[in-house]
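Colleague: Pasting a structure below so you can have a look.
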Amino acid sequence: MTAQKREQTLSDVGLSVTALTGARLEDLRLSQAIDVSAQTPGLTAMNAVTNGTPIFSIRGMGLDDFYVNNNSSVAIFIDGVVQSTPIFLHGQVFDVERVEVLKGPQGTLYGKNASGGVINFISKAPTDAVEGYANLSYGNWDTVDVKAAIGGPLSEGVRGRVSASYENAGDWQRDRDTGLEYGRRRSSAVRAQLAVDLSERLTGAFAFRYSSENSVPASSQVGGTEAATDAATGILPGVLDYRGVPIAGRLDTGTTDPRVVRAGGLPARGTERGYGATMNWKYTADELTVESITGWDTHDHFITYNLDGNPATNFDVRGVNGEGERADGKQFYHEVRLGFRWGRTEWTTGVMYASDRLNAVQPLDASMLVPLATSPLQRGVFGSTSRYRQSNKSAGAYVSVDAPLNETVSLVTGARYSWDERGFAGTGTLYTAGVPFVITAQDESRRTSDMSYRVGLEYKPADRVLVFGNVATGYKNGVFYAGPPFNSSSWAYVPPEKVFGVELGVKATLLENRLSVTTSAFDYRLEDRQGFLVFITPPGQLGAGLGTIPKSRTRGGELELAWRPAERFTANLGVAYLDARVTDPPTDVRGFPLASPIVNGTRLALSPEWSTSATVEYLQPIGSDHRLRFAADCSYLGSTTATLSDPNGVSGSRAAVGGRIEWSPASERWSLSVWSRNLTDRRDDVRSVTDFFGGRVVIRQRPRTYGLEFRYRFF
């Protein structure tokens, strides 16, 4: 693995790292970046809306803003290139060699926005031998999923690989009033790679990728919005009404079945288009390695959907003039690093430069908020739209040293200087009865810099046993809030957040290599943790924006086990405990009181107390030529707060069980499987927020899915 930007085995890395192989991802049908959290204790990930911006948190450190111009304090790298905004994550997870999740501050080697950790996706590379496969799956909701790859030598010193993914999933939600269907998704992606040996010491690797997605986004559900709307606008005694229009039984979803929604006639639609290329050069000598990584990416994003979960125009992601949310982003990344051995000491040093820019339009129709609307279903009367241009430039230089002090103890130290400049220019416009009014405008640039460090000790008291301890820091750059504003104070620059942390851990391989154990305990202190906060603006309506938590603390422990008690039986277990709390709470957001007070001891957003995952697998030979493989998995995530100061922001715990039964010949040339996800068809909450009047908007986990899969290996 390459968690420390050099080749090491997992058991020799003095960090908390969860590694998932590509084969395991395929078995568990984990096809999106957020899916990795199901088998990674301590990592919380979800789409902020039904199929919109993915957000991540590791050990309570992350950003819960769901607009496309910001990213969390968990850095995402794909084949060595950082993904600057969440829109670049669409369509990337296929034909994967492995995923590495590094937990805790990684600012020394990875720079800004890695104060919570790092997720590395590593694609399968061209091989010296010819290999290829094709996987075809058909499941409920008329879901067709095809993945294929082929690669090998093209000529002397030249290797190639082409991989592709296609998914066509049908609608799985139906509107109880209109009969319209939601949840349809058609996506495709392709990656072409070329590796060239220019000499015995110098190699080049080149890759091009394309992804596309067209969807009818799924809808949220809502409860309590009829009563909340009546309390704010009702005028008829004893009747739930909106300014005299009866609404009883017309707005709330009325069921917890995620297949049933009440979204009205909003024309939901989503499209994603992305292109990218990478170029890597690697020079290797006896004690020296020089590597250059360059990446270019561009992505276009468009979506309109029902965010509030009811047919009324409480908040719909569609402008009053009919336009949808749009964003086009471009990014460039370049890093050069040098690794060498001096005596017994391993050195890694490097420099990097990155830039990205984003042009976006983010509209919101909230017509029912104003008396001009004669019905809660009326559209185009009142809303807000943000239009902006954001640019970022980053540079950094780092060094990391692994120095043995004696035969059993090593000192690992590192430092990094980071420099960042973020510019933001845009306007926030209110539309009332079709008349636009610019309520806020911003045009500014902010520069920040930081010096991060890590000091660690690694102790090997016995063969295959590693005891490690780390003191590390990290920082997340300052951000601009860009959501559609309803007052002049919603937009503002939010300063950087910083973290200081301590971690102790043990890794051991026991019982003649049949049991692998990793356990760790950690304690982090955060300053100015960025967060999405809900507040009250005159004349008593809810507002939202980014703010900071002056001080907070996260601490806890994790345990991961990989056990092979018999030749044909394997089991994996992961458990994480987290106590992440506010220690110095905010009282307002730029002068506006919080919708719900945050007190000392409040649990941080995206910080479940407990999370667990487990997989088991048993292989049963059938005669001498065939075999049956039985696999099961489960995951559990404790109660989670989506947004601090949101009275409806707490979701209950959720769990999911999956399984697979596979028939194959002993050669494993082909296999036929039956599989299922969310086997028990649980309807747990994934995320909940408050609508403008105080109703509870809920995203529930997808219902049970199941299907058949055929896999074939060409070579």
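Identifiers in this document derive from the order of the structure tokens: chains are assigned A, B, ..., residues are numbered from 1 separately in each chain, and ligands are numbered from 1 in order of occurrence.
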Pick out the residues sitting within 7 Å of Arg201 (chain A), and hand them over as a count of residues only; count only C-alpha atoms, and ignore anything fewer than 6 positions along from it in its own chain.

Modeller: 3

Colleague: Running DSSP on the backbone, which parts of region 136-264 of chain A land in strand (DSSP E or B), as JSON, numbers by chain?

Modeller: {"A": [136, 137, 138, 139, 143, 144, 145, 146, 147, 148, 149, 150, 151, 152, 153, 154, 155, 158, 159, 160, 161, 162, 163, 164, 165, 166, 167, 168, 169, 173, 174, 175, 181, 182, 185, 186, 187, 188, 189, 190, 191, 192, 193, 194, 195, 196, 197, 202, 203, 204, 205, 206, 207, 208, 209, 210, 211, 212, 213, 214, 215, 221, 222, 223, 241, 242, 245, 246, 260, 261]}

Colleague: Taking into account only C-alpha atoms, which residue in the set A:Arg682, A:Lys124, A:Arg344, A:Arg568 is nearest to Arg629 (chain A)?

Modeller: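 Going through A:Arg682, A:Lys124, A:Arg344, A:Arg568 one by one, the smallest distance to Arg629 (chain A) is for A:Arg568.
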
Colleague: Would you tabulate, counting only C-alpha atoms, all residues of region 52-164 of chain A that have an atom at most 12 Å from an atom of region 402-414 of chain A, showing the closest pair of atoms and their distance in Å to one decimal, sorted by chain then ascending number, as a Markdown table?

Modeller:
| residue | atom | partner | partner_atom | distance |
| --- | --- | --- | --- | --- |
| A:Gln106 | CA | A:Gly414 | CA | 10.3 |
| A:Gly107 | CA | A:Gly414 | CA | 9.5 |
| A:Thr108 | CA | A:Gly414 | CA | 6.0 |
| A:Leu109 | CA | A:Gly414 | CA | 7.9 |
| A:Tyr110 | CA | A:Gly414 | CA | 11.3 |
| A:Gly111 | CA | A:Gly414 | CA | 11.7 |

Colleague: Using N, CA and C atoms, can you write the selected residues to a file as a compact mmCIF listing (two decimals), in the first residue's frame?

Modeller:
# COMPACT_ATOMS: atom_id res chain seq x y z
N GLN A 106 -3.70 14.16 8.45
CA GLN A 106 -2.70 13.73 7.47
C GLN A 106 -2.11 14.95 6.75
N GLY A 107 -2.04 16.08 7.47
CA GLY A 107 -1.60 17.31 6.84
C GLY A 107 -0.17 17.29 6.35
N THR A 108 0.69 16.46 6.93
CA THR A 108 2.10 16.47 6.55
C THR A 108 2.30 16.02 5.11
N LEU A 109 1.73 14.89 4.73
CA LEU A 109 1.92 14.36 3.39
C LEU A 109 0.84 14.80 2.41
N TYR A 110 -0.34 15.13 2.92
CA TYR A 110 -1.46 15.39 2.01
C TYR A 110 -1.95 16.83 2.01
N GLY A 111 -1.50 17.64 2.95
CA GLY A 111 -1.79 19.07 2.89
C GLY A 111 -3.15 19.46 3.41

Colleague: Using only C-alpha atoms, determine which residues lie at most 12 Å from Arg98 (chain A), disregarding the query and same-chain residues fewer than 2 positions distant; provide the list as a PyMOL selection string.

Modeller: chain A and resi 1-3+18-26+36+78-79+93-96+100-101+119-125

Colleague: Of the candidates A:Ser219, A:Asn214, A:Gln362, A:Ser488, which one gets nearest to Gly309 (chain A) if we count only C-alpha atoms?

Modeller: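 With only C-alpha atoms as the atom set, the closest residue is A:Ser219.
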
Colleague: Can you tell me, as a list in words, what residues are no more than 10 Å from Val506 (chain A) when counting only C-alpha atoms, ignoring any on the same chain fewer than 2 positions away?

Modeller: Ser11, Gly14, Leu15, Ser16, Glu458, Tyr459, Lys460, Val465, Leu466, Val467, Phe468, Gly469, Leu504, Ala508, Val517, Thr518, Thr519, Ser520, Ala521 and Leu559 of chain A

Colleague: Include N, CA, C and O atoms and write out the residues we just selected as a JSON list (two decimals), in the first residue's frame.

Modeller:
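Contents of again-v1.json, freshly written:
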[["chain", "number", "residue", "atom", "x", "y", "z"],
["A", 11, "SER", "N", 0.71, -3.78, 7.66],
["A", 11, "SER", "CA", 1.11, -4.05, 9.05],
["A", 11, "SER", "C", 2.31, -3.23, 9.47],
["A", 11, "SER", "O", 2.60, -3.11, 10.67],
["A", 14, "GLY", "N", 2.56, 2.86, 10.61],
["A", 14, "GLY", "CA", 2.21, 3.31, 11.95],
["A", 14, "GLY", "C", 1.10, 4.33, 11.97],
["A", 14, "GLY", "O", 1.22, 5.41, 12.58],
["A", 15, "LEU", "N", 0.01, 4.02, 11.28],
["A", 15, "LEU", "CA", -1.18, 4.86, 11.21],
["A", 15, "LEU", "C", -2.40, 3.96, 11.26],
["A", 15, "LEU", "O", -2.32, 2.76, 10.96],
["A", 16, "SER", "N", -3.55, 4.54, 11.60],
["A", 16, "SER", "CA", -4.81, 3.80, 11.50],
["A", 16, "SER", "C", -5.29, 3.86, 10.06],
["A", 16, "SER", "O", -5.64, 4.93, 9.56],
["A", 458, "GLU", "N", 7.43, 4.28, 16.45],
["A", 458, "GLU", "CA", 7.01, 2.94, 16.11],
["A", 458, "GLU", "C", 7.90, 1.94, 16.84],
["A", 458, "GLU", "O", 9.13, 2.03, 16.77],
["A", 459, "TYR", "N", 7.28, 1.01, 17.53],
["A", 459, "TYR", "CA", 8.00, 0.04, 18.36],
["A", 459, "TYR", "C", 7.57, -1.36, 17.95],
["A", 459, "TYR", "O", 6.37, -1.67, 17.91],
["A", 460, "LYS", "N", 8.55, -2.21, 17.63],
["A", 460, "LYS", "CA", 8.29, -3.59, 17.25],
["A", 460, "LYS", "C", 8.85, -4.53, 18.31],
["A", 460, "LYS", "O", 10.01, -4.96, 18.23],
["A", 465, "VAL", "N", 4.37, -7.60, 15.23],
["A", 465, "VAL", "CA", 3.69, -6.76, 16.21],
["A", 465, "VAL", "C", 4.26, -5.35, 16.10],
["A", 465, "VAL", "O", 5.47, -5.16, 16.12],
["A", 466, "LEU", "N", 3.36, -4.37, 15.96],
["A", 466, "LEU", "CA", 3.78, -2.97, 15.86],
["A", 466, "LEU", "C", 2.95, -2.14, 16.84],
["A", 466, "LEU", "O", 1.73, -2.17, 16.82],
["A", 467, "VAL", "N", 3.65, -1.40, 17.69],
["A", 467, "VAL", "CA", 3.02, -0.43, 18.58],
["A", 467, "VAL", "C", 3.40, 0.96, 18.07],
["A", 467, "VAL", "O", 4.58, 1.24, 17.84],
["A", 468, "PHE", "N", 2.40, 1.82, 17.88],
["A", 468, "PHE", "CA", 2.71, 3.13, 17.32],
["A", 468, "PHE", "C", 1.98, 4.24, 18.08],
["A", 468, "PHE", "O", 0.93, 4.02, 18.69],
["A", 469, "GLY", "N", 2.58, 5.42, 18.03],
["A", 469, "GLY", "CA", 1.98, 6.61, 18.61],
["A", 469, "GLY", "C", 2.30, 7.81, 17.75],
["A", 469, "GLY", "O", 3.41, 7.91, 17.20],
["A", 504, "LEU", "N", -2.67, 6.52, 19.77],
["A", 504, "LEU", "CA", -1.89, 5.35, 20.15],
["A", 504, "LEU", "C", -2.55, 4.12, 19.55],
["A", 504, "LEU", "O", -3.78, 4.00, 19.56],
["A", 508, "ALA", "N", -1.13, -6.27, 15.16],
["A", 508, "ALA", "CA", -0.52, -7.57, 15.45],
["A", 508, "ALA", "C", -1.09, -8.63, 14.54],
["A", 508, "ALA", "O", -2.29, -8.62, 14.23],
["A", 517, "VAL", "N", -5.02, -8.10, 14.00],
["A", 517, "VAL", "CA", -5.69, -7.19, 14.93],
["A", 517, "VAL", "C", -5.10, -5.80, 14.80],
["A", 517, "VAL", "O", -3.88, -5.63, 14.81],
["A", 518, "THR", "N", -5.97, -4.81, 14.68],
["A", 518, "THR", "CA", -5.56, -3.40, 14.73],
["A", 518, "THR", "C", -6.48, -2.68, 15.71],
["A", 518, "THR", "O", -7.70, -2.75, 15.57],
["A", 519, "THR", "N", -5.88, -2.01, 16.68],
["A", 519, "THR", "CA", -6.67, -1.25, 17.63],
["A", 519, "THR", "C", -5.99, 0.08, 17.90],
["A", 519, "THR", "O", -4.76, 0.19, 17.82],
["A", 520, "SER", "N", -6.78, 1.11, 18.17],
["A", 520, "SER", "CA", -6.21, 2.44, 18.39],
["A", 520, "SER", "C", -7.13, 3.25, 19.28],
["A", 520, "SER", "O", -8.33, 2.98, 19.39],
["A", 521, "ALA", "N", -6.53, 4.24, 19.93],
["A", 521, "ALA", "CA", -7.26, 5.23, 20.72],
["A", 521, "ALA", "C", -6.76, 6.61, 20.32],
["A", 521, "ALA", "O", -5.56, 6.78, 20.03],
["A", 559, "LEU", "N", -11.41, -0.79, 16.68],
["A", 559, "LEU", "CA", -10.89, -2.15, 16.65],
["A", 559, "LEU", "C", -11.25, -2.78, 15.31],
["A", 559, "LEU", "O", -12.40, -2.72, 14.88]]
